[in-house]
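Enquirer: Mind having a look at this structure? Questions to follow.
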Amino acid sequence: MSLAAFQGSLELGIIYAILALGVFLSFRSLNMPDLTVDSSFTLGAAVSVIMSVSGHPFLGLLIAFIAGGGAGCITGLLHTKLEIQPLLAGILTMLGLYSINLKVMGGKANIPLLNKPTVYSVFEKIVPGDYSRLIFAALILIFILLLFYLFLKTRLGFALRATGDNDQMVRSLGVNTDFIILIGMALSNGLVALSGALIAQEQSFVDVGMGIGMVVIGLASVIIGEVVFGTKTLFRRLIAVVLGSILYRLIIALALELGMPPTDLKLVSAVIVTIAMSMPIINKKIAFTRRKYRRNDSSRKSIS
């Protein structure tokens, strides 16, 4: 793999790690599969590009986060107040957001961001060099990671994690789980939208279909990170999600370097997620087979 390809994959992995943290919050902490991700990612990208065209790229990141949070609240309300299943609630919000994203983009399927200020171009003036974009993305990720970790260590964060583990127990303690779910879904999709905003400014365009499959990327990052890097402590789990996102992008880049057509990337993603999710079962079967072999071997030796 060339240095340029490695640097580009590392930069994308860092940005997508923010998305992975959002998916981790809904998928692992709240135990809710959320398909809103595919459209809230595009919503953040669309808002970010529109604000950048107006000359406010940094404000675009903040508004993108707020817009994504609003999308997550809609999914949360559909689930908690209308008692729609989380998967279906996410699908309904995702479908509705497609039309909203088009309205945000002025009815256009894509909007270029050429010769317009972005957060990256502004940062390049402060820290010039070939690695300025990578440094900026890393700083944003570290800042979000620390805030995210500190939030999960608060009482509200603990209640959020406990709601995903056992919502009935948390409700019996007098905690409003509907409010907790609403907060969790808002933060989750806010992070996803922020990731979309950074990707749009990094790639200098937004497309209405750019969010398709983002939930798969997020799940792949979370699961790969947990399988490869472990989940003993909360901070280690968060670091594992980040490293999983980077490792996932490096795997994709390696597949492209080996000559795989870009049209097969979704298939590769599906295979990676399947392998990662099945690793615990595979490891258990391997361990069982080894124990069985050792018992058989010891019994043969005792007989002889």
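Going through the structure tokens in order, the chains are called A, B, and so on, while each chain numbers its residues from 1 and the ligands are numbered from 1 in the order shown.
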Tell me, as a PyMOL selection string, which residues lie within 7 Å of region 71-75 of chain A, counting only C-alpha atoms; anything in the same chain fewer than 3 positions away does not count.

Expert: chain A and resi 40+67-68+78-79+89-90+93+182+185-186+189

Enquirer: Take the residues just selected and output them with all heavy atoms as a compact mmCIF listing (two decimals), in the first residue's frame.

Expert:
# COMPACT_ATOMS: atom_id res chain seq x y z
N SER A 40 -29.30 10.35 8.53
CA SER A 40 -28.77 11.43 9.37
C SER A 40 -27.33 11.77 8.96
O SER A 40 -26.90 12.92 9.12
CB SER A 40 -28.83 11.04 10.84
OG SER A 40 -28.09 9.87 11.11
N ALA A 67 -28.85 19.15 13.86
CA ALA A 67 -29.82 18.57 12.94
C ALA A 67 -29.86 17.05 13.09
O ALA A 67 -30.95 16.44 13.09
CB ALA A 67 -29.45 18.95 11.49
N GLY A 68 -28.69 16.43 13.21
CA GLY A 68 -28.66 14.98 13.42
C GLY A 68 -29.32 14.59 14.73
O GLY A 68 -30.02 13.58 14.80
N LEU A 78 -40.82 8.16 18.06
CA LEU A 78 -41.62 7.11 17.42
C LEU A 78 -41.58 5.82 18.23
O LEU A 78 -42.59 5.11 18.32
CB LEU A 78 -41.08 6.84 16.00
CG LEU A 78 -41.31 7.94 14.96
CD1 LEU A 78 -40.65 7.56 13.64
CD2 LEU A 78 -42.81 8.17 14.74
N HIS A 79 -40.42 5.54 18.83
CA HIS A 79 -40.28 4.32 19.61
C HIS A 79 -40.91 4.44 21.00
O HIS A 79 -41.65 3.54 21.44
CB HIS A 79 -38.81 3.96 19.76
CG HIS A 79 -38.55 2.84 20.71
ND1 HIS A 79 -39.10 1.58 20.56
CD2 HIS A 79 -37.79 2.78 21.84
CE1 HIS A 79 -38.71 0.80 21.55
NE2 HIS A 79 -37.93 1.51 22.35
N ALA A 89 -38.95 2.13 13.49
CA ALA A 89 -38.91 3.57 13.72
C ALA A 89 -37.74 4.20 12.98
O ALA A 89 -37.87 5.28 12.39
CB ALA A 89 -38.79 3.85 15.23
N GLY A 90 -36.58 3.52 12.99
CA GLY A 90 -35.43 4.01 12.25
C GLY A 90 -35.67 4.03 10.76
O GLY A 90 -35.26 4.98 10.06
N THR A 93 -38.00 7.03 9.90
CA THR A 93 -37.27 8.29 9.94
C THR A 93 -36.30 8.41 8.77
O THR A 93 -36.15 9.48 8.16
CB THR A 93 -36.49 8.42 11.26
OG1 THR A 93 -37.37 8.20 12.35
CG2 THR A 93 -35.87 9.81 11.39
N LEU A 182 -34.40 8.96 24.43
CA LEU A 182 -34.44 10.15 23.57
C LEU A 182 -33.08 10.84 23.53
O LEU A 182 -32.59 11.21 22.46
CB LEU A 182 -35.52 11.11 24.10
CG LEU A 182 -36.12 12.10 23.10
CD1 LEU A 182 -36.87 11.35 22.01
CD2 LEU A 182 -37.06 13.05 23.82
N MET A 185 -30.53 8.57 21.56
CA MET A 185 -30.72 8.58 20.11
C MET A 185 -30.31 9.93 19.51
O MET A 185 -29.77 9.99 18.40
CB MET A 185 -32.19 8.29 19.78
CG MET A 185 -32.65 6.89 20.18
SD MET A 185 -31.69 5.59 19.40
CE MET A 185 -32.23 5.76 17.72
N ALA A 186 -30.56 11.00 20.25
CA ALA A 186 -30.16 12.33 19.77
C ALA A 186 -28.64 12.43 19.69
O ALA A 186 -28.09 12.90 18.67
CB ALA A 186 -30.73 13.41 20.68
N ASN A 189 -27.21 10.08 16.73
CA ASN A 189 -27.36 10.61 15.38
C ASN A 189 -26.68 11.97 15.22
O ASN A 189 -26.32 12.35 14.11
CB ASN A 189 -28.84 10.70 15.02
CG ASN A 189 -29.44 9.35 14.70
OD1 ASN A 189 -29.32 8.86 13.58
ND2 ASN A 189 -30.06 8.74 15.68

Enquirer: Leaving out Glu11 (chain A) and any residue of its chain fewer than 6 positions from it, which residues lie within 9 Å of it when counting only C-alpha atoms, given as a list in words?

Expert: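 The contact residues come out as Arg133, Leu134, Ile135, Ala137, Ala138 and Ile246 of chain A.
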
Enquirer: Would you export the selected residues with N, CA, C and O atoms as a PDB file, in the first residue's frame, please?

Expert:
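What follows is the written file out-v5.pdb:
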ATOM      1  N   ARG A 133      -4.645  17.988   7.262  1.00  0.00           N
ATOM      2  CA  ARG A 133      -5.995  17.428   7.318  1.00  0.00           C
ATOM      3  C   ARG A 133      -6.062  16.274   8.313  1.00  0.00           C
ATOM      4  O   ARG A 133      -7.032  16.135   9.057  1.00  0.00           O
ATOM      5  N   LEU A 134      -5.029  15.459   8.297  1.00  0.00           N
ATOM      6  CA  LEU A 134      -4.967  14.327   9.215  1.00  0.00           C
ATOM      7  C   LEU A 134      -4.894  14.808  10.661  1.00  0.00           C
ATOM      8  O   LEU A 134      -5.581  14.262  11.547  1.00  0.00           O
ATOM      9  N   ILE A 135      -4.103  15.836  10.905  1.00  0.00           N
ATOM     10  CA  ILE A 135      -3.967  16.387  12.259  1.00  0.00           C
ATOM     11  C   ILE A 135      -5.286  16.990  12.733  1.00  0.00           C
ATOM     12  O   ILE A 135      -5.709  16.779  13.876  1.00  0.00           O
ATOM     13  N   ALA A 137      -8.379  16.229  11.711  1.00  0.00           N
ATOM     14  CA  ALA A 137      -9.335  15.156  11.977  1.00  0.00           C
ATOM     15  C   ALA A 137      -9.031  14.455  13.295  1.00  0.00           C
ATOM     16  O   ALA A 137      -9.940  14.128  14.073  1.00  0.00           O
ATOM     17  N   ALA A 138      -7.726  14.235  13.574  1.00  0.00           N
ATOM     18  CA  ALA A 138      -7.323  13.571  14.819  1.00  0.00           C
ATOM     19  C   ALA A 138      -7.677  14.429  16.033  1.00  0.00           C
ATOM     20  O   ALA A 138      -8.142  13.908  17.057  1.00  0.00           O
ATOM     21  N   ILE A 246     -10.518   2.573  11.966  1.00  0.00           N
ATOM     22  CA  ILE A 246      -9.285   2.755  11.184  1.00  0.00           C
ATOM     23  C   ILE A 246      -8.885   1.452  10.509  1.00  0.00           C
ATOM     24  O   ILE A 246      -8.508   1.434   9.320  1.00  0.00           O
TER      25      ILE A 246
END

Enquirer: Near Ser269 (chain A), counting only C-alpha atoms, which residues have an atom at most 8 Å away, once you skip same-chain residues fewer than 5 positions from it, shown as a list of chain:residue names?

Expert: A:Val216, A:Ile217, A:Ala220

Enquirer: Store the residues picked out above in a file with N, CA, C and O atoms, as a compact mmCIF listing (two decimals), in the first residue's frame.

Expert:
# COMPACT_ATOMS: atom_id res chain seq x y z
N VAL A 216 -23.75 -0.03 8.12
CA VAL A 216 -22.87 -1.20 7.98
C VAL A 216 -21.44 -0.83 8.34
O VAL A 216 -20.74 -1.59 9.04
N ILE A 217 -20.99 0.33 7.88
CA ILE A 217 -19.65 0.80 8.22
C ILE A 217 -19.51 0.98 9.73
O ILE A 217 -18.51 0.58 10.34
N ALA A 220 -19.50 -2.45 11.41
CA ALA A 220 -18.23 -3.13 11.14
C ALA A 220 -17.13 -2.58 12.04
O ALA A 220 -16.34 -3.35 12.60

Enquirer: Can you list, as a ChimeraX atom specification, every protein, DNA or RNA residue that comes within 12 Å of Gly157 (chain A) when you count only C-alpha atoms, leaving out same-chain residues fewer than 4 positions away?

Expert: /A:25,29-30,147-153,161-164,180-181,183-184,187,234

Enquirer: Write the residues of the selection above to a file with N, CA and C atoms, as an mmCIF file, in the first residue's frame.

Expert:
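The new file selection.cif reads:
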data_model
loop_
_atom_site.group_PDB
_atom_site.id
_atom_site.type_symbol
_atom_site.label_atom_id
_atom_site.label_comp_id
_atom_site.auth_asym_id
_atom_site.auth_seq_id
_atom_site.Cartn_x
_atom_site.Cartn_y
_atom_site.Cartn_z
ATOM 1 N N LEU A 25 -23.163 3.949 20.532
ATOM 2 C CA LEU A 25 -24.090 4.451 21.548
ATOM 3 C C LEU A 25 -25.473 3.830 21.398
ATOM 4 N N SER A 29 -24.806 0.594 23.699
ATOM 5 C CA SER A 29 -25.240 1.176 24.975
ATOM 6 C C SER A 29 -26.753 1.081 25.160
ATOM 7 N N LEU A 30 -27.516 1.440 24.120
ATOM 8 C CA LEU A 30 -28.974 1.392 24.219
ATOM 9 C C LEU A 30 -29.559 0.076 23.731
ATOM 10 N N LEU A 147 -14.915 13.917 25.485
ATOM 11 C CA LEU A 147 -16.232 14.376 25.927
ATOM 12 C C LEU A 147 -17.207 13.210 26.046
ATOM 13 N N PHE A 148 -17.148 12.302 25.077
ATOM 14 C CA PHE A 148 -18.032 11.144 25.059
ATOM 15 C C PHE A 148 -17.765 10.250 26.268
ATOM 16 N N TYR A 149 -16.495 10.037 26.567
ATOM 17 C CA TYR A 149 -16.117 9.207 27.712
ATOM 18 C C TYR A 149 -16.572 9.850 29.019
ATOM 19 N N LEU A 150 -16.344 11.148 29.165
ATOM 20 C CA LEU A 150 -16.744 11.848 30.386
ATOM 21 C C LEU A 150 -18.259 11.837 30.546
ATOM 22 N N PHE A 151 -18.986 11.948 29.439
ATOM 23 C CA PHE A 151 -20.457 11.894 29.504
ATOM 24 C C PHE A 151 -20.934 10.529 29.987
ATOM 25 N N LEU A 152 -20.362 9.453 29.449
ATOM 26 C CA LEU A 152 -20.784 8.111 29.836
ATOM 27 C C LEU A 152 -20.432 7.790 31.287
ATOM 28 N N LYS A 153 -19.511 8.570 31.896
ATOM 29 C CA LYS A 153 -19.148 8.356 33.296
ATOM 30 C C LYS A 153 -20.039 9.154 34.246
ATOM 31 N N ARG A 161 -26.461 3.682 29.829
ATOM 32 C CA ARG A 161 -25.899 2.342 29.632
ATOM 33 C C ARG A 161 -26.732 1.280 30.339
ATOM 34 N N ALA A 162 -27.235 1.625 31.528
ATOM 35 C CA ALA A 162 -28.049 0.673 32.271
ATOM 36 C C ALA A 162 -29.390 0.430 31.581
ATOM 37 N N THR A 163 -29.922 1.439 30.910
ATOM 38 C CA THR A 163 -31.177 1.282 30.175
ATOM 39 C C THR A 163 -31.035 0.257 29.060
ATOM 40 N N GLY A 164 -29.901 0.283 28.389
ATOM 41 C CA GLY A 164 -29.665 -0.706 27.339
ATOM 42 C C GLY A 164 -29.514 -2.111 27.887
ATOM 43 N N ILE A 180 -34.277 8.971 28.659
ATOM 44 C CA ILE A 180 -32.922 8.457 28.470
ATOM 45 C C ILE A 180 -32.723 7.993 27.027
ATOM 46 N N ILE A 181 -33.706 7.257 26.503
ATOM 47 C CA ILE A 181 -33.622 6.778 25.120
ATOM 48 C C ILE A 181 -33.591 7.951 24.156
ATOM 49 N N ILE A 183 -32.464 11.007 24.705
ATOM 50 C CA ILE A 183 -31.137 11.624 24.777
ATOM 51 C C ILE A 183 -30.114 10.778 24.025
ATOM 52 N N GLY A 184 -30.152 9.469 24.238
ATOM 53 C CA GLY A 184 -29.199 8.575 23.580
ATOM 54 C C GLY A 184 -29.308 8.599 22.076
ATOM 55 N N LEU A 187 -27.940 12.003 20.731
ATOM 56 C CA LEU A 187 -26.478 12.057 20.722
ATOM 57 C C LEU A 187 -25.902 11.139 19.654
ATOM 58 N N LEU A 234 -14.592 0.591 29.904
ATOM 59 C CA LEU A 234 -15.329 1.499 29.027
ATOM 60 C C LEU A 234 -14.391 2.252 28.105
#

Enquirer: For the atom pair CA of Val47 (chain A) and CA of Gly60 (chain A), what is the interatomic distance in Å to one decimal place?

Expert: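 These atoms are spaced 6.3 Å apart.
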
Enquirer: Given only C-alpha atoms as the basis, pick out the residue of A:Ala253, A:Ile282, A:Ala64, A:Val53 nearest to Val268 (chain A).

Expert: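 Closest to Val268 (chain A) of all the choices is A:Ala253.
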
Enquirer: Taking into account only C-alpha atoms, which residue in the set A:Pro262, A:Val228, A:Tyr16, A:Pro33 is nearest to Ile275 (chain A)?

Expert: A:Val228

Enquirer: Rounded to one decimal, what separation in Å do you get between CA of Val127 (chain A) and CA of Gly196 (chain A)?

Expert: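 For CA of Val127 (chain A) relative to CA of Gly196 (chain A), the distance reads 23.2 Å.
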
Enquirer: Quick one: DSSP strand (DSSP E or B) residues in region 81-273 of chain A, as a list in words?

Expert: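 Listing strand (DSSP E or B) positions across region 81-273 of chain A yields Asn110, Ile111, Pro112, Phe205, Val206 and Asp207 of chain A.
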
Enquirer: Could you tell me how far CA of Val192 (chain A) lies from CA of Tyr98 (chain A), in Å and to one decimal?

Expert: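 One can read the CA of Val192 (chain A) to CA of Tyr98 (chain A) distance as 15.5 Å.
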
Enquirer: Got a sec: who's within 10 Å of region 257-261 of chain A, counting only C-alpha atoms, leaving out chain neighbours fewer than 5 positions off, as a JSON list (two decimals) with N, CA and C atoms, in the first residue's frame?

Expert:
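Output file selection_3.json follows:
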[["chain", "number", "residue", "atom", "x", "y", "z"],
["A", 1, "MET", "N", 0.84, -1.18, 0.00],
["A", 1, "MET", "CA", 0.00, 0.00, 0.00],
["A", 1, "MET", "C", 0.89, 1.24, 0.00],
["A", 2, "SER", "N", 0.57, 2.18, -0.88],
["A", 2, "SER", "CA", 1.36, 3.40, -0.98],
["A", 2, "SER", "C", 1.12, 4.29, 0.24],
["A", 5, "ALA", "N", -2.12, 6.32, -0.07],
["A", 5, "ALA", "CA", -3.30, 5.52, 0.20],
["A", 5, "ALA", "C", -3.46, 5.25, 1.69],
["A", 251, "ILE", "N", -8.46, -2.10, 5.66],
["A", 251, "ILE", "CA", -8.83, -3.33, 4.96],
["A", 251, "ILE", "C", -9.46, -3.00, 3.61],
["A", 252, "ILE", "N", -10.34, -2.00, 3.59],
["A", 252, "ILE", "CA", -10.97, -1.58, 2.34],
["A", 252, "ILE", "C", -9.92, -1.05, 1.36],
["A", 268, "VAL", "N", -17.75, -6.67, 0.34],
["A", 268, "VAL", "CA", -16.63, -6.84, 1.26],
["A", 268, "VAL", "C", -17.03, -6.42, 2.67]]

Enquirer: Go through A:Leu113, A:Met277, A:Val206, A:Ile140 and flag the residue nearest Ser54 (chain A), using only C-alpha atoms for the distances.

Expert: A:Leu113

Enquirer: Please determine, counting only C-alpha atoms, which residue among A:Leu267, A:Val104, A:Ile199, A:Leu87 has the shortest atom-to-atom distance to Gly211 (chain A).

Expert: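 Of A:Leu267, A:Val104, A:Ile199, A:Leu87, the one nearest Gly211 (chain A) is A:Ile199, counting only C-alpha atoms.
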
Enquirer: Enumerate as a count of residues only all residues of region 77-148 of chain A assigned to helix (DSSP H, G or I) by DSSP on the backbone, naming them with the chain letters and numbers the document uses.

Expert: 48
